[in-house]
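Structure file target.txt; described as compact mmCIF, C-alpha atoms.
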```
# COMPACT_ATOMS: atom_id res chain seq x y z
CA MET A 1 111.94 68.25 121.45
CA THR A 2 108.86 70.36 120.83
CA PRO A 3 108.87 74.06 121.84
CA SER A 4 106.19 73.45 124.49
CA ARG A 5 108.25 70.71 126.13
CA ARG A 6 111.39 72.86 125.92
CA ARG A 7 109.52 75.66 127.67
CA TRP A 8 108.32 73.26 130.37
CA LEU A 9 111.83 71.97 131.06
CA GLY A 10 113.01 75.57 131.29
CA GLN A 11 110.34 76.23 133.90
CA ALA A 12 111.53 73.17 135.81
CA VAL A 13 115.04 74.63 136.00
CA ALA A 14 113.61 77.89 137.28
CA TRP A 15 111.65 76.04 139.99
CA GLY A 16 114.83 74.28 141.09
CA GLY A 17 113.23 70.87 140.73
CA LEU A 18 115.25 69.47 137.83
CA HIS A 19 118.50 67.57 138.26
CA THR A 20 120.30 64.78 136.45
CA VAL A 21 120.74 61.34 137.92
CA GLY A 22 123.82 59.59 136.57
CA ALA A 23 123.90 55.92 135.66
CA LEU A 24 123.18 53.79 138.74
CA ARG A 25 123.77 56.75 141.04
CA ARG A 26 121.35 56.91 143.97
CA VAL A 27 119.81 60.21 144.96
CA HIS A 28 117.45 61.45 147.62
CA ALA A 29 114.25 62.83 146.14
CA GLN A 30 113.48 66.48 146.72
CA VAL A 31 110.33 67.17 148.71
CA GLN A 32 108.29 70.25 147.88
CA GLY A 33 105.19 71.72 149.44
CA SER A 34 104.00 72.08 153.03
CA VAL A 35 103.63 68.49 154.20
CA THR A 36 103.91 67.52 157.85
CA PRO A 37 107.33 65.86 158.44
CA TRP A 38 107.44 62.21 159.36
CA PRO A 39 108.85 61.90 162.91
CA ARG A 40 108.47 58.12 162.75
CA GLY A 41 110.47 55.10 163.83
CA PRO A 42 110.97 51.83 161.89
CA GLU A 43 107.92 50.31 163.58
CA ASP A 44 105.71 52.99 161.97
CA THR A 45 106.96 52.64 158.39
CA LEU A 46 108.26 50.08 155.95
CA LEU A 47 110.58 50.37 152.95
CA ARG A 48 109.39 49.11 149.58
CA ARG A 49 111.75 48.63 146.63
CA LEU A 50 110.46 48.48 143.06
CA ARG A 51 112.31 47.67 139.83
CA PHE A 52 111.21 48.44 136.28
CA ASP A 53 112.78 47.33 133.01
CA ILE A 54 111.97 49.78 130.22
CA GLN A 55 112.57 48.82 126.60
CA CYS A 56 112.90 51.35 123.76
CA GLN A 57 112.80 49.62 120.39
CA ASN A 58 113.15 50.88 116.84
CA PRO A 59 110.36 49.09 114.93
CA GLY A 60 111.63 50.10 111.50
CA GLY A 61 114.48 49.48 109.11
CA THR A 62 116.04 52.96 109.29
CA PRO A 63 118.00 54.46 112.18
CA LEU A 64 116.19 56.66 114.70
CA ALA A 65 117.61 59.81 116.21
CA PRO A 66 117.84 60.03 120.03
CA GLN A 67 114.42 59.49 121.58
CA SER A 68 112.89 61.44 124.46
CA LEU A 69 110.88 59.51 127.04
CA TRP A 70 108.98 61.00 129.99
CA ALA A 71 107.50 58.81 132.72
CA TYR A 72 106.13 59.09 136.24
CA GLY A 73 108.11 57.77 139.17
CA PRO A 74 106.60 57.40 142.63
CA VAL A 75 105.00 60.58 143.97
CA SER A 76 107.66 62.38 146.01
CA ARG A 77 105.54 62.80 149.16
CA THR A 78 101.98 62.04 150.24
CA ALA A 79 100.46 61.44 153.66
CA SER A 80 101.41 57.77 153.28
CA GLN A 81 104.63 57.66 151.27
CA ALA A 82 107.97 59.37 150.66
CA LEU A 83 110.33 58.66 147.77
CA VAL A 84 113.79 58.13 149.25
CA GLU A 85 115.92 56.62 146.47
CA LEU A 86 115.92 56.49 142.69
CA SER A 87 118.52 55.10 140.30
CA SER A 88 118.59 54.58 136.54
CA SER A 89 120.96 52.70 134.25
CA TRP A 90 120.72 55.63 131.81
CA PRO A 91 121.16 59.28 132.87
CA VAL A 92 117.76 60.72 133.71
CA ALA A 93 116.52 64.23 134.50
CA GLN A 94 114.26 64.24 137.55
CA HIS A 95 111.69 66.92 138.35
CA THR A 96 108.98 67.33 140.98
CA ASP A 97 105.94 69.17 139.61
CA PRO A 98 103.44 71.29 141.63
CA LEU A 99 101.33 68.22 142.54
CA GLY A 100 104.36 66.34 143.85
CA HIS A 101 104.70 64.05 140.84
CA THR A 102 108.15 62.69 140.11
CA VAL A 103 108.60 63.26 136.37
CA LEU A 104 111.54 61.46 134.77
CA HIS A 105 113.05 62.38 131.39
CA TRP A 106 115.42 60.13 129.44
CA GLN A 107 117.19 60.98 126.19
CA THR A 108 118.25 57.67 124.63
CA PRO A 109 121.18 57.25 122.23
CA PRO A 110 120.37 56.77 118.52
CA LEU A 111 118.60 53.52 117.77
CA PRO A 112 119.85 51.40 114.84
CA PRO A 113 117.34 49.60 112.60
CA HIS A 114 115.28 47.24 114.78
CA GLY A 115 117.62 48.14 117.63
CA LEU A 116 116.71 47.87 121.31
CA ARG A 117 117.82 49.94 124.29
CA ALA A 118 117.00 48.85 127.81
CA ILE A 119 116.71 51.08 130.88
CA ARG A 120 116.61 49.73 134.41
CA LEU A 121 114.86 51.92 136.98
CA ASP A 122 115.09 51.15 140.71
CA VAL A 123 113.18 53.09 143.35
CA ALA A 124 112.75 52.87 147.11
CA VAL A 125 109.70 54.33 148.86
CA ARG A 126 109.13 54.74 152.59
CA MET A 127 105.51 53.77 153.37
CA ALA A 128 103.61 54.78 156.52
CA ARG A 129 101.38 52.29 158.31
CA GLN A 130 99.10 55.20 159.22
CA PRO A 131 98.87 58.41 157.15
CA ALA A 132 100.57 61.49 158.57
CA PRO A 133 98.37 64.51 159.35
CA GLN A 134 98.10 66.65 156.24
CA PRO A 135 95.78 69.58 155.51
CA ALA A 136 93.70 69.55 152.35
CA GLU A 137 94.22 72.45 149.97
CA PRO A 138 90.99 74.50 150.05
CA GLY A 139 88.91 73.66 146.99
CA ALA A 140 91.74 71.79 145.25
CA TRP A 141 90.02 68.38 145.15
CA LEU A 142 86.35 69.34 145.20
CA GLN A 143 85.50 70.47 141.68
CA ALA A 144 83.78 68.53 138.92
CA GLU A 145 86.16 67.14 136.30
CA ARG A 146 85.78 65.24 133.06
CA HIS A 147 85.61 61.81 134.74
CA THR A 148 84.47 62.85 138.21
CA GLU A 149 81.15 64.49 137.39
CA ARG A 150 80.13 65.56 140.87
CA ASP A 151 77.36 67.77 139.44
CA ASP A 152 75.68 64.96 137.47
CA PRO A 153 72.06 64.77 138.74
CA ALA A 154 72.19 61.03 139.39
CA ILE A 155 75.44 61.37 141.34
CA VAL A 156 74.08 64.31 143.35
CA ALA A 157 70.93 62.33 144.21
CA LEU A 158 72.82 59.22 145.26
CA ALA A 159 75.29 61.24 147.33
CA ALA A 160 72.36 62.83 149.19
CA GLU A 161 71.00 59.35 150.00
CA LEU A 162 74.41 58.28 151.32
CA ARG A 163 75.04 61.32 153.51
CA ARG A 164 75.46 60.40 157.17
CA ASP A 165 75.98 62.30 160.42
CA SER A 166 79.76 62.61 160.03
CA PRO A 167 82.21 62.78 157.12
CA ARG A 168 83.75 59.43 158.10
CA ALA A 169 80.36 57.72 158.24
CA SER A 170 79.45 59.24 154.86
CA VAL A 171 82.65 57.88 153.31
CA GLU A 172 81.92 54.45 154.78
CA ALA A 173 78.42 54.53 153.24
CA ILE A 174 79.82 55.56 149.83
CA TYR A 175 82.46 52.84 149.95
CA THR A 176 79.91 50.17 150.85
CA TRP A 177 77.48 51.25 148.11
CA VAL A 178 80.13 51.30 145.36
CA ARG A 179 81.64 48.01 146.54
CA THR A 180 78.29 46.21 146.57
CA HIS A 181 76.58 47.75 143.50
CA LEU A 182 79.30 47.99 140.85
CA ASN A 183 80.24 44.88 138.89
CA TYR A 184 83.91 44.52 138.05
CA ALA A 185 84.26 44.41 134.26
CA GLY A 186 87.95 43.55 134.05
CA TYR A 187 90.43 45.89 132.43
CA VAL A 188 88.80 48.61 130.28
CA PRO A 189 91.32 50.51 128.09
CA ASN A 190 89.44 53.82 128.07
CA ASP A 191 88.41 55.92 131.06
CA LEU A 192 84.60 55.94 131.20
CA GLY A 193 84.00 58.18 134.20
CA ALA A 194 81.81 58.18 137.28
CA ALA A 195 78.51 59.04 135.57
CA GLN A 196 78.74 56.14 133.11
CA ALA A 197 79.85 53.77 135.86
CA LEU A 198 76.74 54.70 137.83
CA ARG A 199 74.44 54.30 134.82
CA GLU A 200 75.84 50.90 133.88
CA LEU A 201 76.82 49.76 137.40
CA SER A 202 79.99 48.41 135.86
CA GLY A 203 83.62 49.32 135.31
CA ASP A 204 87.21 48.52 136.12
CA CYS A 205 89.24 49.82 139.07
CA THR A 206 89.37 53.30 137.49
CA GLU A 207 85.59 53.64 137.44
CA TYR A 208 85.32 52.40 141.03
CA ALA A 209 87.75 55.15 142.03
CA TYR A 210 86.07 57.85 139.93
CA LEU A 211 82.63 57.08 141.36
CA VAL A 212 83.91 57.18 144.96
CA VAL A 213 85.59 60.52 144.23
CA ALA A 214 82.54 62.04 142.53
CA LEU A 215 80.17 60.99 145.33
CA CYS A 216 82.50 62.34 148.01
CA ARG A 217 83.00 65.64 146.20
CA ALA A 218 79.22 65.97 145.80
CA LEU A 219 79.06 65.97 149.62
CA GLY A 220 81.83 68.57 149.90
CA LEU A 221 84.48 66.04 150.93
CA PRO A 222 87.88 66.49 149.23
CA ALA A 223 88.66 63.34 147.26
CA ARG A 224 91.05 62.27 144.52
CA ALA A 225 91.87 59.26 142.35
CA LEU A 226 95.40 57.87 142.23
CA GLY A 227 97.33 55.44 140.07
CA GLY A 228 100.17 53.12 141.02
CA PHE A 229 100.84 49.65 142.37
CA VAL A 230 99.59 47.59 145.32
CA LEU A 231 102.50 45.65 146.82
CA GLU A 232 102.77 43.01 149.50
CA GLN A 233 106.59 42.94 149.22
CA ASP A 234 109.48 44.34 147.17
CA ASP A 235 108.63 43.65 143.55
CA ALA A 236 109.17 44.24 139.85
CA PRO A 237 105.48 44.80 139.05
CA PRO A 238 104.33 44.20 135.46
CA SER A 239 102.31 46.81 133.58
CA VAL A 240 99.12 44.79 134.04
CA ALA A 241 99.43 45.27 137.81
CA TYR A 242 98.89 49.04 137.50
CA HIS A 243 95.89 50.00 139.64
CA ASN A 244 93.66 52.98 140.41
CA TRP A 245 92.11 53.78 143.78
CA ALA A 246 90.70 56.74 145.71
CA GLU A 247 91.73 58.80 148.70
CA VAL A 248 89.37 60.97 150.73
CA HIS A 249 90.43 63.69 153.17
CA VAL A 250 88.81 62.80 156.46
CA ASP A 251 89.93 63.01 160.11
CA GLY A 252 92.78 65.34 159.22
CA SER A 253 94.52 63.38 156.47
CA TRP A 254 94.20 61.58 153.15
CA ARG A 255 92.85 58.07 153.68
CA LEU A 256 92.59 55.04 151.41
CA VAL A 257 89.23 54.15 149.86
CA ASP A 258 89.50 51.25 147.39
CA ALA A 259 86.04 49.83 146.73
CA GLN A 260 87.30 47.48 144.02
CA LYS A 261 89.94 45.76 146.18
CA GLU A 262 87.80 46.17 149.32
CA ALA A 263 90.18 48.31 151.38
CA LEU A 264 88.82 51.14 153.53
CA PHE A 265 91.08 53.49 155.56
CA ASP A 266 93.58 50.74 156.51
CA GLY A 267 96.32 49.14 154.40
CA GLY A 268 97.60 52.29 152.72
CA GLU A 269 101.19 51.18 153.27
CA ARG A 270 100.68 48.70 150.40
CA TYR A 271 99.64 51.38 147.89
CA VAL A 272 102.56 53.09 146.11
CA ALA A 273 101.21 56.10 144.23
CA PHE A 274 102.76 57.23 140.95
CA ARG A 275 100.06 59.68 139.86
CA LEU A 276 97.45 61.93 141.43
CA ILE A 277 94.80 61.92 138.72
CA ARG A 278 93.66 65.35 137.66
CA ASP A 279 92.08 66.54 134.42
CA GLN A 280 94.82 69.11 133.94
CA ALA A 281 97.91 68.83 131.77
CA LEU A 282 101.07 69.58 133.75
CA GLY A 283 104.11 69.73 131.49
CA PRO A 284 105.20 67.09 129.00
CA MET A 285 103.22 64.24 130.58
CA GLY A 286 99.94 65.88 129.57
CA LEU A 287 97.11 63.57 130.61
CA ALA A 288 99.11 60.36 130.13
CA HIS A 289 98.72 57.77 132.86
CA ARG A 290 102.29 56.43 132.91
CA PHE A 291 104.61 57.64 130.12
CA VAL A 292 104.84 59.60 126.88
CA THR A 293 107.42 59.89 124.09
CA ASP A 294 107.87 62.34 121.21
CA GLY A 295 109.71 59.86 119.00
CA GLN A 296 108.88 56.79 116.93
CA ALA A 297 110.35 54.20 119.30
CA GLN A 298 108.08 51.57 120.80
CA ILE A 299 108.15 51.74 124.62
CA ARG A 300 107.47 48.78 126.88
CA PHE A 301 107.55 48.68 130.66
CA ARG A 302 108.33 45.18 131.94
```
structure tokens encoding of this file:
Amino acid sequence: MTPSRRRWLGQAVAWGGLHTVGALRRVHAQVQGSVTPWPRGPEDTLLRRLRFDIQCQNPGGTPLAPQSLWAYGPVSRTASQALVELSSSWPVAQHTDPLGHTVLHWQTPPLPPHGLRAIRLDVAVRMARQPAPQPAEPGAWLQAERHTERDDPAIVALAAELRRDSPRASVEAIYTWVRTHLNYAGYVPNDLGAAQALRELSGDCTEYAYLVVALCRALGLPARALGGFVLEQDDAPPSVAYHNWAEVHVDGSWRLVDAQKEALFDGGERYVAFRLIRDQALGPMGLAHRFVTDGQAQIRFR
């Protein structure tokens, strides 16, 4: 383990957010931050269960020492979701960072030559049919970032054209413009950003989300991009199903805006968030979208 990661795990202990989950032992996720409680009945929420099979493989002919793997689990609490259960077939350290991310850390046993270790991760998330009221942190989701260039002249000009009489109407205009003007390019391995998406009028789901966020922020509307999975039922989603979308703070809460999948305000109970995308490294995950390792093992999520 590198010194920086050791320091980060030490900070996690100090924050009280780090604990170990034994093999196949279910735990209730800790919730941090000032989020309005969910006084809801079963008719207002639904429970989604997800399963992931994680493979750690030694690609070489010599043994590997124990490998460290960090990965995001479902965000512990948003206006639309709450993590309620998590279990792992290997002991895992679980930590909730300042943004509410669930960061999981496994230390695998030694891997023999060409050896394979498998981890099964099961999670259960309570999803709200309508987002709970939640204040936006002042200024937290308004600034320009590397891929949400709210100060780009072309983005500023377009945002001005799309401004309407109310925040909700402005978001509707932004959603409609992005949905009807961008061409879906299929999966693009590298993040291109909002400014390039606007220049080329093309991108994958990530660029749709970044452009919505940048346009909203240019109008002073708090907005953020998220990553996770869109589910119609309990599932074991493959890696290729990973999706990015946007949320905008309007009418007192964070609301879904997915111009690529054509979902506006409604349907958030299908969107299970694993990451709130921010151009800021928080601990060992850095800027990784899903997972990171400091060893030589090949990692596959299935």
- Anything within 10 Å of (99.8, 46.5, 138.8): list those residues as an NGL selection string, counting all atoms listed in the file and sticking to the file's coordinates. :A and (227-231 or 236-244)
- Message: Need to verify the contact set: Arg48 (chain A), 8 Å, all atoms listed in the file, exclusion of same-chain residues closer than 3 positions in sequence. Can you return it as an NGL selection string?
- Response: :A and (124-127 or 233-234)
Set the distance at 10 Å and use all atoms listed in the file: which residues neighbour Ala225 (chain A) once local chain neighbours fewer than 4 positions away are removed? I'd like the list as an mmCIF file with C-alpha atoms, in the frame of the given file.
```
data_model
loop_
_atom_site.group_PDB
_atom_site.id
_atom_site.type_symbol
_atom_site.label_atom_id
_atom_site.label_comp_id
_atom_site.auth_asym_id
_atom_site.auth_seq_id
_atom_site.Cartn_x
_atom_site.Cartn_y
_atom_site.Cartn_z
ATOM 1 C CA TRP A 141 90.020 68.380 145.150
ATOM 2 C CA THR A 148 84.470 62.850 138.210
ATOM 3 C CA THR A 206 89.370 53.300 137.490
ATOM 4 C CA GLU A 207 85.590 53.640 137.440
ATOM 5 C CA TYR A 208 85.320 52.400 141.030
ATOM 6 C CA ALA A 209 87.750 55.150 142.030
ATOM 7 C CA TYR A 210 86.070 57.850 139.930
ATOM 8 C CA LEU A 211 82.630 57.080 141.360
ATOM 9 C CA VAL A 212 83.910 57.180 144.960
ATOM 10 C CA VAL A 213 85.590 60.520 144.230
ATOM 11 C CA ALA A 214 82.540 62.040 142.530
ATOM 12 C CA ASN A 244 93.660 52.980 140.410
ATOM 13 C CA TRP A 245 92.110 53.780 143.780
ATOM 14 C CA ALA A 246 90.700 56.740 145.710
ATOM 15 C CA GLU A 247 91.730 58.800 148.700
ATOM 16 C CA VAL A 248 89.370 60.970 150.730
ATOM 17 C CA VAL A 257 89.230 54.150 149.860
ATOM 18 C CA ASP A 258 89.500 51.250 147.390
ATOM 19 C CA ARG A 275 100.060 59.680 139.860
ATOM 20 C CA LEU A 276 97.450 61.930 141.430
ATOM 21 C CA ILE A 277 94.800 61.920 138.720
ATOM 22 C CA ARG A 278 93.660 65.350 137.660
#
```
- Query: Which residue, A:Pro98, A:Pro131, A:Gly268, A:Pro109, has the smallest gap to Gln67 (chain A) when you use all atoms listed in the file?
  - Reply: A:Pro109
- Could you pull the residues within 10 Å of Arg120 (chain A), counting all atoms listed in the file, minus those fewer than 5 positions along the same chain, as a PyMOL selection string? chain A and resi 23-24+51-55+87-90+301-302
Would you save the residues of that selection, restricted to C-alpha atoms, as a PDB file, keeping the file's coordinate frame?
```
ATOM      1  CA  ALA A  23     123.900  55.920 135.660  1.00  0.00           C
ATOM      2  CA  LEU A  24     123.180  53.790 138.740  1.00  0.00           C
ATOM      3  CA  ARG A  51     112.310  47.670 139.830  1.00  0.00           C
ATOM      4  CA  PHE A  52     111.210  48.440 136.280  1.00  0.00           C
ATOM      5  CA  ASP A  53     112.780  47.330 133.010  1.00  0.00           C
ATOM      6  CA  ILE A  54     111.970  49.780 130.220  1.00  0.00           C
ATOM      7  CA  GLN A  55     112.570  48.820 126.600  1.00  0.00           C
ATOM      8  CA  SER A  87     118.520  55.100 140.300  1.00  0.00           C
ATOM      9  CA  SER A  88     118.590  54.580 136.540  1.00  0.00           C
ATOM     10  CA  SER A  89     120.960  52.700 134.250  1.00  0.00           C
ATOM     11  CA  TRP A  90     120.720  55.630 131.810  1.00  0.00           C
ATOM     12  CA  PHE A 301     107.550  48.680 130.660  1.00  0.00           C
ATOM     13  CA  ARG A 302     108.330  45.180 131.940  1.00  0.00           C
TER      14      ARG A 302
END
```
